[in-house]
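query.pdb (PDB, C-alpha atoms)
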ATOM      1  CA  MET A   1     -18.897 -38.209  37.757
ATOM      2  CA  THR A   2     -22.296 -37.295  36.289
ATOM      3  CA  VAL A   3     -21.495 -33.568  36.309
ATOM      4  CA  VAL A   4     -18.041 -34.194  34.841
ATOM      5  CA  ASP A   5     -19.654 -36.105  31.979
ATOM      6  CA  PHE A   6     -22.158 -33.248  31.539
ATOM      7  CA  CYS A   7     -19.242 -30.820  31.082
ATOM      8  CA  TYR A   8     -17.650 -33.148  28.533
ATOM      9  CA  GLY A   9     -20.988 -33.765  26.809
ATOM     10  CA  TRP A  10     -21.682 -30.047  26.478
ATOM     11  CA  THR A  11     -18.479 -29.679  24.496
ATOM     12  CA  LEU A  12     -19.077 -32.776  22.384
ATOM     13  CA  TRP A  13     -22.560 -31.590  21.419
ATOM     14  CA  LEU A  14     -21.125 -28.177  20.571
ATOM     15  CA  PHE A  15     -18.822 -29.852  18.073
ATOM     16  CA  LEU A  16     -21.404 -32.237  16.671
ATOM     17  CA  SER A  17     -24.163 -29.641  16.386
ATOM     18  CA  TRP A  18     -22.554 -26.316  15.573
ATOM     19  CA  ILE A  19     -19.119 -26.627  13.981
ATOM     20  CA  PRO A  20     -20.405 -26.867  10.381
ATOM     21  CA  ALA A  21     -22.617 -23.803  10.918
ATOM     22  CA  PHE A  22     -19.717 -21.995  12.610
ATOM     23  CA  PHE A  23     -17.496 -22.372   9.550
ATOM     24  CA  PHE A  24     -20.364 -21.591   7.181
ATOM     25  CA  GLU A  25     -21.620 -18.477   8.976
ATOM     26  CA  ASN A  26     -18.524 -17.118  10.704
ATOM     27  CA  TYR A  27     -16.131 -17.564   7.785
ATOM     28  CA  HIS A  28     -18.661 -17.384   4.932
ATOM     29  CA  LEU A  29     -17.530 -20.672   3.470
ATOM     30  CA  ASN A  30     -19.683 -22.505   0.988
ATOM     31  CA  LEU A  31     -21.344 -25.631   2.301
ATOM     32  CA  GLN A  32     -18.793 -27.995   0.762
ATOM     33  CA  ALA A  33     -15.803 -26.144   2.227
ATOM     34  CA  SER A  34     -17.567 -25.888   5.586
ATOM     35  CA  ALA A  35     -18.130 -29.656   5.540
ATOM     36  CA  MET A  36     -14.475 -30.313   4.726
ATOM     37  CA  PHE A  37     -13.209 -28.145   7.588
ATOM     38  CA  SER A  38     -15.743 -29.756   9.932
ATOM     39  CA  ALA A  39     -14.650 -33.245   8.882
ATOM     40  CA  GLY A  40     -11.054 -32.360   9.738
ATOM     41  CA  VAL A  41     -12.084 -31.175  13.186
ATOM     42  CA  LEU A  42     -14.173 -34.285  13.824
ATOM     43  CA  PHE A  43     -11.387 -36.578  12.601
ATOM     44  CA  ALA A  44      -9.106 -35.103  15.270
ATOM     45  CA  GLY A  45     -11.709 -36.211  17.815
ATOM     46  CA  VAL A  46     -11.646 -39.768  16.490
ATOM     47  CA  VAL A  47      -7.898 -39.840  17.049
ATOM     48  CA  GLY A  48      -8.383 -38.388  20.541
ATOM     49  CA  ASP A  49     -10.873 -41.150  21.436
ATOM     50  CA  THR A  50      -8.290 -43.833  20.889
ATOM     51  CA  ALA A  51      -5.369 -41.837  22.264
ATOM     52  CA  GLY A  52      -7.180 -41.230  25.564
ATOM     53  CA  GLY A  53      -7.590 -44.951  26.168
ATOM     54  CA  VAL A  54      -4.052 -45.820  25.103
ATOM     55  CA  ILE A  55      -2.492 -43.078  27.223
ATOM     56  CA  SER A  56      -4.614 -43.968  30.255
ATOM     57  CA  ASP A  57      -3.730 -47.660  30.021
ATOM     58  CA  ARG A  58      -0.032 -46.906  29.585
ATOM     59  CA  LEU A  59      -0.106 -44.634  32.622
ATOM     60  CA  LEU A  60      -1.793 -47.393  34.618
ATOM     61  CA  ARG A  61       0.878 -49.927  33.627
ATOM     62  CA  ARG A  62       3.659 -47.440  34.350
ATOM     63  CA  THR A  63       2.376 -46.056  37.662
ATOM     64  CA  GLY A  64       0.027 -48.749  38.952
ATOM     65  CA  SER A  65      -2.255 -45.913  40.055
ATOM     66  CA  LEU A  66      -5.850 -45.791  38.839
ATOM     67  CA  ALA A  67      -6.137 -42.219  40.056
ATOM     68  CA  THR A  68      -3.130 -41.099  38.018
ATOM     69  CA  ALA A  69      -4.028 -43.124  34.947
ATOM     70  CA  ARG A  70      -7.673 -42.093  34.712
ATOM     71  CA  ARG A  71      -7.948 -38.739  36.416
ATOM     72  CA  SER A  72      -4.867 -37.135  34.875
ATOM     73  CA  VAL A  73      -5.956 -37.954  31.317
ATOM     74  CA  ILE A  74      -9.456 -36.613  31.971
ATOM     75  CA  VAL A  75      -8.109 -33.391  33.487
ATOM     76  CA  ALA A  76      -5.586 -33.003  30.649
ATOM     77  CA  GLY A  77      -8.415 -33.463  28.158
ATOM     78  CA  PHE A  78     -10.497 -30.706  29.733
ATOM     79  CA  VAL A  79      -7.553 -28.327  30.102
ATOM     80  CA  GLY A  80      -6.273 -28.966  26.566
ATOM     81  CA  ALA A  81      -9.728 -28.402  25.069
ATOM     82  CA  LEU A  82     -10.068 -25.198  27.085
ATOM     83  CA  ILE A  83      -6.666 -23.896  25.976
ATOM     84  CA  PHE A  84      -7.394 -24.505  22.299
ATOM     85  CA  LEU A  85     -10.897 -22.993  22.381
ATOM     86  CA  VAL A  86      -9.529 -19.670  23.638
ATOM     87  CA  PRO A  87      -7.861 -18.685  20.317
ATOM     88  CA  VAL A  88     -11.108 -19.520  18.482
ATOM     89  CA  VAL A  89     -12.757 -16.758  20.516
ATOM     90  CA  LEU A  90      -9.880 -14.267  20.353
ATOM     91  CA  ILE A  91      -8.555 -14.633  16.798
ATOM     92  CA  HIS A  92     -10.751 -14.389  13.716
ATOM     93  CA  ASP A  93      -8.725 -16.433  11.241
ATOM     94  CA  LEU A  94      -9.942 -19.507   9.381
ATOM     95  CA  THR A  95      -6.676 -21.430   9.683
ATOM     96  CA  VAL A  96      -6.302 -20.663  13.389
ATOM     97  CA  ALA A  97      -9.940 -21.650  13.983
ATOM     98  CA  ALA A  98      -9.614 -24.924  12.071
ATOM     99  CA  VAL A  99      -6.368 -25.951  13.770
ATOM    100  CA  CYS A 100      -7.459 -24.883  17.256
ATOM    101  CA  LEU A 101     -10.891 -26.493  16.954
ATOM    102  CA  SER A 102      -9.213 -29.703  15.812
ATOM    103  CA  LEU A 103      -6.843 -29.653  18.765
ATOM    104  CA  ALA A 104      -9.646 -28.727  21.172
ATOM    105  CA  PHE A 105     -11.744 -31.647  19.952
ATOM    106  CA  PHE A 106      -8.761 -33.997  20.094
ATOM    107  CA  PHE A 107      -8.239 -33.078  23.757
ATOM    108  CA  ALA A 108     -11.950 -33.235  24.596
ATOM    109  CA  GLU A 109     -12.136 -36.743  23.196
ATOM    110  CA  LEU A 110      -9.193 -37.885  25.336
ATOM    111  CA  ILE A 111     -11.787 -37.888  28.130
ATOM    112  CA  VAL A 112     -14.034 -40.625  26.719
ATOM    113  CA  ALA A 113     -12.161 -43.866  27.477
ATOM    114  CA  PRO A 114     -10.886 -42.947  30.938
ATOM    115  CA  ILE A 115     -14.235 -41.596  32.128
ATOM    116  CA  TRP A 116     -15.956 -44.870  31.211
ATOM    117  CA  SER A 117     -13.169 -46.679  33.049
ATOM    118  CA  VAL A 118     -13.777 -44.498  36.097
ATOM    119  CA  ALA A 119     -17.460 -45.447  36.141
ATOM    120  CA  MET A 120     -16.646 -49.130  35.944
ATOM    121  CA  GLY A 121     -13.804 -48.900  38.456
ATOM    122  CA  MET A 122     -15.730 -46.932  41.058
ATOM    123  CA  ALA A 123     -18.610 -49.391  41.086
ATOM    124  CA  PRO A 124     -17.338 -52.690  39.689
ATOM    125  CA  GLN A 125     -20.357 -54.658  40.915
ATOM    126  CA  TYR A 126     -22.707 -51.960  39.626
ATOM    127  CA  ALA A 127     -20.864 -50.924  36.457
ATOM    128  CA  GLY A 128     -24.082 -50.726  34.447
ATOM    129  CA  THR A 129     -25.786 -48.482  36.976
ATOM    130  CA  ALA A 130     -22.714 -46.290  37.437
ATOM    131  CA  SER A 131     -22.269 -45.970  33.672
ATOM    132  CA  GLY A 132     -25.937 -45.105  33.287
ATOM    133  CA  MET A 133     -25.715 -42.439  35.986
ATOM    134  CA  MET A 134     -22.621 -40.993  34.379
ATOM    135  CA  ASN A 135     -24.170 -41.054  30.922
ATOM    136  CA  PHE A 136     -27.246 -39.262  32.308
ATOM    137  CA  GLY A 137     -25.073 -36.137  32.557
ATOM    138  CA  PHE A 138     -24.008 -36.599  28.957
ATOM    139  CA  GLY A 139     -27.625 -37.025  27.867
ATOM    140  CA  VAL A 140     -28.762 -33.876  29.653
ATOM    141  CA  ALA A 141     -25.915 -32.009  27.950
ATOM    142  CA  GLY A 142     -27.192 -33.344  24.628
ATOM    143  CA  LEU A 143     -30.594 -31.831  25.373
ATOM    144  CA  VAL A 144     -29.355 -28.489  26.657
ATOM    145  CA  SER A 145     -26.124 -27.696  24.784
ATOM    146  CA  PRO A 146     -27.325 -27.449  21.154
ATOM    147  CA  VAL A 147     -30.395 -25.407  22.092
ATOM    148  CA  SER A 148     -28.489 -23.092  24.444
ATOM    149  CA  PHE A 149     -25.652 -22.596  22.002
ATOM    150  CA  GLY A 150     -28.045 -21.761  19.156
ATOM    151  CA  TYR A 151     -30.098 -19.452  21.373
ATOM    152  CA  LEU A 152     -26.979 -17.545  22.454
ATOM    153  CA  VAL A 153     -25.735 -17.162  18.869
ATOM    154  CA  ASP A 154     -29.166 -15.911  17.752
ATOM    155  CA  ARG A 155     -29.605 -13.630  20.762
ATOM    156  CA  THR A 156     -26.129 -12.051  20.689
ATOM    157  CA  GLY A 157     -25.371 -12.307  16.971
ATOM    158  CA  SER A 158     -21.951 -13.630  17.968
ATOM    159  CA  TRP A 159     -20.271 -16.972  18.478
ATOM    160  CA  VAL A 160     -18.136 -15.557  21.306
ATOM    161  CA  VAL A 161     -20.640 -15.849  24.179
ATOM    162  CA  PRO A 162     -21.509 -19.521  23.660
ATOM    163  CA  PHE A 163     -17.850 -20.447  23.162
ATOM    164  CA  VAL A 164     -16.947 -18.620  26.392
ATOM    165  CA  GLY A 165     -19.702 -20.581  28.149
ATOM    166  CA  SER A 166     -18.171 -23.780  26.797
ATOM    167  CA  ILE A 167     -14.744 -22.711  28.021
ATOM    168  CA  ALA A 168     -16.208 -22.117  31.491
ATOM    169  CA  LEU A 169     -17.744 -25.608  31.508
ATOM    170  CA  LEU A 170     -14.425 -27.108  30.431
ATOM    171  CA  LEU A 171     -12.797 -25.387  33.404
ATOM    172  CA  ALA A 172     -15.517 -26.679  35.733
ATOM    173  CA  GLY A 173     -15.070 -30.177  34.294
ATOM    174  CA  ALA A 174     -11.311 -30.066  34.910
ATOM    175  CA  VAL A 175     -11.764 -28.946  38.511
ATOM    176  CA  LEU A 176     -14.405 -31.589  39.219
ATOM    177  CA  ALA A 177     -12.452 -34.327  37.409
ATOM    178  CA  ALA A 178      -9.444 -33.607  39.605
ATOM    179  CA  ARG A 179     -11.613 -34.724  42.537
ATOM    180  CA  LEU A 180     -12.651 -38.069  41.031
ATOM    181  CA  ARG A 181     -11.430 -41.100  42.950
ATOM    182  CA  PRO A 182     -11.341 -44.020  40.518
ATOM    183  CA  ASP A 183      -9.105 -45.840  42.988
ATOM    184  CA  ARG A 184     -11.917 -46.044  45.566
ATOM    185  CA  ALA A 185     -14.582 -48.571  44.662
ATOM    186  CA  PHE A 186     -18.122 -48.128  45.950
ATOM    187  CA  VAL A 187     -18.827 -50.558  48.749
ATOM    188  CA  GLU A 188     -22.406 -51.478  49.529
ATOM    189  CA  VAL A 189     -23.255 -51.135  53.199
ATOM    190  CA  ALA A 190     -25.718 -53.783  54.355
TER
END
Take the structure in this file and express it as structure tokens.
Amino acid sequence: MTVVDFCYGWTLWLFLSWIPAFFFENYHLNLQASAMFSAGVLFAGVVGDTAGGVISDRLLRRTGSLATARRSVIVAGFVGALIFLVPVVLIHDLTVAAVCLSLAFFFAELIVAPIWSVAMGMAPQYAGTASGMMNFGFGVAGLVSPVSFGYLVDRTGSWVVPFVGSIALLLAGAVLAARLRPDRAFVEVA
């Protein structure tokens, strides 16, 4: 769960730290236009935050399965974000980048509500500890992602390498999330 949240956090910090600079430097937009495109991308994430929780809860009511309701939304979030980051790397077009980044961030943010639910469901009597352990991965990503991303852009002179690294972490997050068992609560052994 901690590593899954690291993979999500890496992507979130990419969006929060580098998207304005990406539009400014990669598409030579003025600062105001860069901010407007960035705001559109980030707004898609706000919608994804809510949608992830709503979809997960509806799946739980419909299926009665915590594993289906939580895990499937998390995996879909990782896979959707991965799919929509690929065109950003392959196609140099402002409209394609803006739309695909928005969709990638929407999907990445689908992860938020169900992953917190997983932490609380897996350790209901230790929800605070489990949430803290999970959020540790997110915090480490917040330390490493912005610095690594900036270093790679400076070192290579390209945005491709750090975006490909992010795509790889999204894939790793999807694979690891598919193994989460929110339907199995931690039981303390005396």
Practice task
Counting all atoms listed in the file, select every polymer residue within 7 Å of (-22.5, -27.8, 23.9) as defined in the file's coordinates, and provide the selection as a VMD selection string.
Solution key: chain A and resid 9 to 14 141 145 to 146 149 166
Practice task
Point out the residue among A:Asp183, A:Glu25, A:Glu109, A:Asp5 with the least atom-to-atom distance to Val73 (chain A), counting all atoms listed in the file.
Solution key: A:Glu109
Exercise for the section: Neighbourhood query: residues within 7 Å of (-8.5, -26.0, 19.6), file coordinates, counting only C-alpha atoms; return as a list in words. Expected result: Ala81, Ile83, Phe84, Leu85, Val99, Cys100, Leu101, Ser102, Leu103, Ala104 and Phe105 of chain A
Counting all atoms listed in the file, what are the residues of region 63-82 of chain A within 10 Å of region 29-53 of chain A, and for each of them which pair of atoms is the nearest and at what distance in Å, to one decimal? Sort the table by chain and rising number, as a Markdown table.
| residue | atom | partner | partner_atom | distance |
| --- | --- | --- | --- | --- |
| A:Ala69 | CA | A:Gly53 | CA | 9.6 |
| A:Arg70 | CA | A:Gly53 | CA | 9.0 |
| A:Val73 | CA | A:Gly52 | CA | 6.7 |
| A:Ile74 | CA | A:Gly52 | CA | 8.2 |
| A:Ala76 | CA | A:Gly52 | CA | 9.8 |
| A:Gly77 | CA | A:Gly52 | CA | 8.3 |
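Taking CA of Trp18 (chain A) and CA of Met134 (chain A) as the two end points, the separation is 23.9 Å.
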Practice task
Find the residues around Ile167 (chain A) up to 12 Å (all atoms listed in the file counted), leave out those fewer than 3 positions away in its own chain, and share them as a PyMOL selection string.
Solution key: chain A and resi 7-8+10-11+14+78-89+104+108+160-164+170-174
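The smallest atom-to-atom distance between Ala123 (chain A) and any of A:Trp159, A:Val75, A:Phe136, A:Phe186, using all atoms listed in the file, is found for A:Phe186.
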Might I get the box with edges along x, y and z of the file that holds all atoms of region 161-167 of chain A listed there, padded by 3 Å on every side, given as centre and edge lengths in Å to one decimal, as AutoDock Vina command-line options?
--center_x -18.1 --center_y -19.8 --center_z 25.7 --size_x 12.8 --size_y 13.9 --size_z 11.0
Problem - Who sits within 10 Å of Gly132 (chain A), only C-alpha atoms, same chain under 6 positions skipped, as a PyMOL selection string - result: chain A and resi 2+119+126+138-139
Exercise for the section: Go through A:Leu16, A:Val144, A:Ala185, A:Ala67 one by one, measure the shortest atom-to-atom distance of each to Ala127 (chain A) using only C-alpha atoms, and give the residue with the smallest value. Expected result: A:Ala185
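Taking CA of Thr95 (chain A) and CA of Val153 (chain A) as the two end points, the separation is 21.6 Å.
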Exercise for the section: Fewer than 4 positions away in the same chain doesn't count, so skip those; otherwise give me all residues within 12 Å of Gln125 (chain A), counting all atoms listed in the file, as number ranges by chain. Expected result: A: 119-121, 129-131, 185-188
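The closest residue to Pro114 (chain A), picked from A:Arg58, A:Arg184, A:His92, A:Arg71 and counting only C-alpha atoms, is A:Arg71.
Rounded to one decimal, CA of Val147 (chain A) and CA of Tyr27 (chain A) lie 21.7 Å from each other.
Each of A:Phe106, A:Leu169, A:Pro182, A:Thr68 was compared to Pro124 (chain A) using only C-alpha atoms, and A:Pro182 turns out to be the nearest.
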Start from the incomplete input, build N, CA and C atoms for region 2-24 of chain A, and deliver everything as a compact mmCIF listing (two decimals), in the coordinates of the input.
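File written: rebuild.txt
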# COMPACT_ATOMS: atom_id res chain seq x y z
N THR A 2 -21.20 -37.69 37.18
CA THR A 2 -22.30 -37.30 36.29
C THR A 2 -22.09 -35.86 35.79
N VAL A 3 -21.71 -34.97 36.69
CA VAL A 3 -21.50 -33.57 36.31
C VAL A 3 -20.26 -33.44 35.41
N VAL A 4 -19.23 -34.20 35.69
CA VAL A 4 -18.04 -34.19 34.84
C VAL A 4 -18.42 -34.62 33.42
N ASP A 5 -19.24 -35.65 33.31
CA ASP A 5 -19.65 -36.10 31.98
C ASP A 5 -20.58 -35.09 31.32
N PHE A 6 -21.35 -34.34 32.10
CA PHE A 6 -22.16 -33.25 31.54
C PHE A 6 -21.23 -32.21 30.90
N CYS A 7 -20.18 -31.83 31.60
CA CYS A 7 -19.24 -30.82 31.08
C CYS A 7 -18.58 -31.31 29.80
N TYR A 8 -18.20 -32.57 29.76
CA TYR A 8 -17.65 -33.15 28.53
C TYR A 8 -18.72 -33.17 27.44
N GLY A 9 -19.91 -33.64 27.79
CA GLY A 9 -20.99 -33.76 26.81
C GLY A 9 -21.37 -32.43 26.19
N TRP A 10 -21.37 -31.38 26.99
CA TRP A 10 -21.68 -30.05 26.48
C TRP A 10 -20.74 -29.72 25.31
N THR A 11 -19.47 -29.98 25.52
CA THR A 11 -18.48 -29.68 24.50
C THR A 11 -18.64 -30.59 23.28
N LEU A 12 -18.88 -31.87 23.51
CA LEU A 12 -19.08 -32.78 22.38
C LEU A 12 -20.25 -32.32 21.53
N TRP A 13 -21.38 -32.00 22.18
CA TRP A 13 -22.56 -31.59 21.42
C TRP A 13 -22.33 -30.27 20.70
N LEU A 14 -21.51 -29.40 21.27
CA LEU A 14 -21.12 -28.18 20.57
C LEU A 14 -20.47 -28.54 19.25
N PHE A 15 -19.53 -29.46 19.29
CA PHE A 15 -18.82 -29.85 18.07
C PHE A 15 -19.75 -30.56 17.09
N LEU A 16 -20.54 -31.47 17.57
CA LEU A 16 -21.40 -32.24 16.67
C LEU A 16 -22.52 -31.39 16.08
N SER A 17 -23.01 -30.41 16.84
CA SER A 17 -24.16 -29.64 16.39
C SER A 17 -23.81 -28.35 15.64
N TRP A 18 -22.75 -27.68 16.04
CA TRP A 18 -22.55 -26.32 15.57
C TRP A 18 -21.30 -26.04 14.75
N ILE A 19 -20.36 -26.93 14.70
CA ILE A 19 -19.12 -26.63 13.98
C ILE A 19 -19.36 -26.38 12.49
N PRO A 20 -20.16 -27.19 11.80
CA PRO A 20 -20.40 -26.87 10.38
C PRO A 20 -21.02 -25.48 10.19
N ALA A 21 -21.99 -25.13 11.02
CA ALA A 21 -22.62 -23.80 10.92
C ALA A 21 -21.62 -22.70 11.27
N PHE A 22 -20.74 -22.97 12.23
CA PHE A 22 -19.72 -22.00 12.61
C PHE A 22 -18.84 -21.65 11.42
N PHE A 23 -18.33 -22.65 10.72
CA PHE A 23 -17.50 -22.37 9.55
C PHE A 23 -18.30 -21.69 8.44
N PHE A 24 -19.51 -22.14 8.23
CA PHE A 24 -20.36 -21.59 7.18
C PHE A 24 -20.71 -20.12 7.44
